[in-house]
Amino acid sequence: MTMQAASTEIASRTAAIIDEMKGLEGPLLPILHSIQEEFGHVPKDALPVIADGLNLSRAEVHGVVSFYHDFRAHPAGRHVLKLCQAEACQSMGSDAVAAKVKQLLGIDFHETTRDGSVTLEPVYCLGLCACSPSAMLDGEVIGRLDDEKIEEIVAEVRS
């Protein structure tokens, strides 16, 4: 598929999502979530289509996308591992957990492994403060992380 065809396909699918959801009250966030679900990220080519469809400036749409950490500009890996970096988890060793995970995966936060198996992201509270340090793997929360659990998680995402 050529770049022009890919851009046209993104615009077409984005317009269909907007048409379906623009009647909602405050439709921008639900539209962005649907677009990310459709494409695995919010493509740059979708932003002007969203702005035009909702009568917003491109800057307003870009501001919302860049403000919320859950919106991605690029596709994520097959797995998404989020490590809590909030104060309660930090006090229980989340910095060491993050360092070990980064070392085992060979990536930093906001990066995806070369093989596309996992994207590593920081998150600032999963609501598991009593079970810290904690993480979320593909939407499933994991508490009381230790070296053994970290190695299990990395093995799982690498398989």
# chains A, B, ... in the order shown; residues from 1 in each chain; ligands from 1
$ select_by_dssp --residues "stretch 14-107 of chain A" --states "alpha helix (DSSP H)" --output "JSON list (two decimals) with C-alpha atoms, in the first residue's frame"
[["chain", "number", "residue", "atom", "x", "y", "z"],
["A", 14, "THR", "CA", -11.43, 7.97, 10.98],
["A", 15, "ALA", "CA", -14.32, 9.80, 9.30],
["A", 16, "ALA", "CA", -16.56, 6.76, 9.79],
["A", 17, "ILE", "CA", -15.74, 6.66, 13.52],
["A", 18, "ILE", "CA", -16.41, 10.39, 13.85],
["A", 19, "ASP", "CA", -19.75, 10.10, 12.05],
["A", 20, "GLU", "CA", -20.77, 7.31, 14.40],
["A", 21, "MET", "CA", -19.79, 9.14, 17.60],
["A", 28, "LEU", "CA", -13.43, 13.88, 21.40],
["A", 29, "LEU", "CA", -12.17, 11.40, 24.00],
["A", 30, "PRO", "CA", -14.49, 8.54, 22.95],
["A", 31, "ILE", "CA", -13.53, 9.17, 19.31],
["A", 32, "LEU", "CA", -9.81, 9.10, 20.15],
["A", 33, "HIS", "CA", -10.24, 5.85, 22.09],
["A", 34, "SER", "CA", -12.11, 4.28, 19.17],
["A", 35, "ILE", "CA", -9.46, 5.41, 16.70],
["A", 36, "GLN", "CA", -6.71, 3.96, 18.87],
["A", 37, "GLU", "CA", -8.67, 0.71, 19.16],
["A", 38, "GLU", "CA", -9.06, 0.62, 15.37],
["A", 39, "PHE", "CA", -5.43, 1.38, 14.45],
["A", 47, "LEU", "CA", -5.75, 14.49, 13.60],
["A", 48, "PRO", "CA", -6.87, 16.93, 10.86],
["A", 49, "VAL", "CA", -9.85, 14.69, 10.06],
["A", 50, "ILE", "CA", -10.89, 14.76, 13.73],
["A", 51, "ALA", "CA", -10.39, 18.52, 13.94],
["A", 52, "ASP", "CA", -12.50, 19.12, 10.83],
["A", 53, "GLY", "CA", -15.19, 16.65, 11.91],
["A", 54, "LEU", "CA", -15.60, 18.21, 15.35],
["A", 58, "ARG", "CA", -5.69, 20.83, 15.03],
["A", 59, "ALA", "CA", -3.85, 22.27, 18.03],
["A", 60, "GLU", "CA", -6.80, 21.43, 20.31],
["A", 61, "VAL", "CA", -6.88, 17.83, 19.09],
["A", 62, "HIS", "CA", -3.10, 17.49, 19.31],
["A", 63, "GLY", "CA", -3.18, 18.96, 22.83],
["A", 64, "VAL", "CA", -5.64, 16.32, 24.03],
["A", 65, "VAL", "CA", -3.75, 13.46, 22.36],
["A", 66, "SER", "CA", -0.42, 14.58, 23.79],
["A", 67, "PHE", "CA", -1.84, 15.31, 27.27],
["A", 87, "GLU", "CA", 5.08, 7.41, 45.35],
["A", 88, "ALA", "CA", 3.76, 4.32, 47.17],
["A", 89, "CYS", "CA", 5.36, 2.00, 44.63],
["A", 90, "GLN", "CA", 8.58, 4.04, 44.66],
["A", 91, "SER", "CA", 8.78, 3.65, 48.43],
["A", 94, "SER", "CA", 9.59, 0.36, 41.91],
["A", 95, "ASP", "CA", 12.79, 2.07, 40.73],
["A", 96, "ALA", "CA", 14.71, -1.20, 41.11],
["A", 97, "VAL", "CA", 11.86, -3.10, 39.42],
["A", 98, "ALA", "CA", 11.89, -0.68, 36.50],
["A", 99, "ALA", "CA", 15.67, -0.88, 36.18],
["A", 100, "LYS", "CA", 15.57, -4.68, 36.10],
["A", 101, "VAL", "CA", 12.72, -4.80, 33.55],
["A", 102, "LYS", "CA", 14.48, -2.26, 31.33],
["A", 103, "GLN", "CA", 17.70, -4.26, 31.53],
["A", 104, "LEU", "CA", 15.98, -7.59, 30.76],
["A", 105, "LEU", "CA", 14.00, -6.15, 27.83]]
$ residues_around --residues "stretch 135-147 of chain A" --least-positions-apart "3" --cutoff "7 Å" --atoms "only C-alpha atoms" --output "number ranges by chain"
A: 79-84, 128, 131-132, 150-151
$ atom_distance --atom1 "atom CA of A:Leu56" --atom2 "atom CA of A:Lys22"
12.2 Å
$ closest_residue --among "A:Cys129, A:Val123, A:Thr8, A:Ile107" --to "A:Tyr68" --atoms "only C-alpha atoms"
A:Val123
$ residues_around --residues "stretch 114-119 of chain A" --least-positions-apart "3" --cutoff "7 Å" --atoms "only C-alpha atoms" --output "PyMOL selection string"
chain A and resi 76-81+110-111+157-158
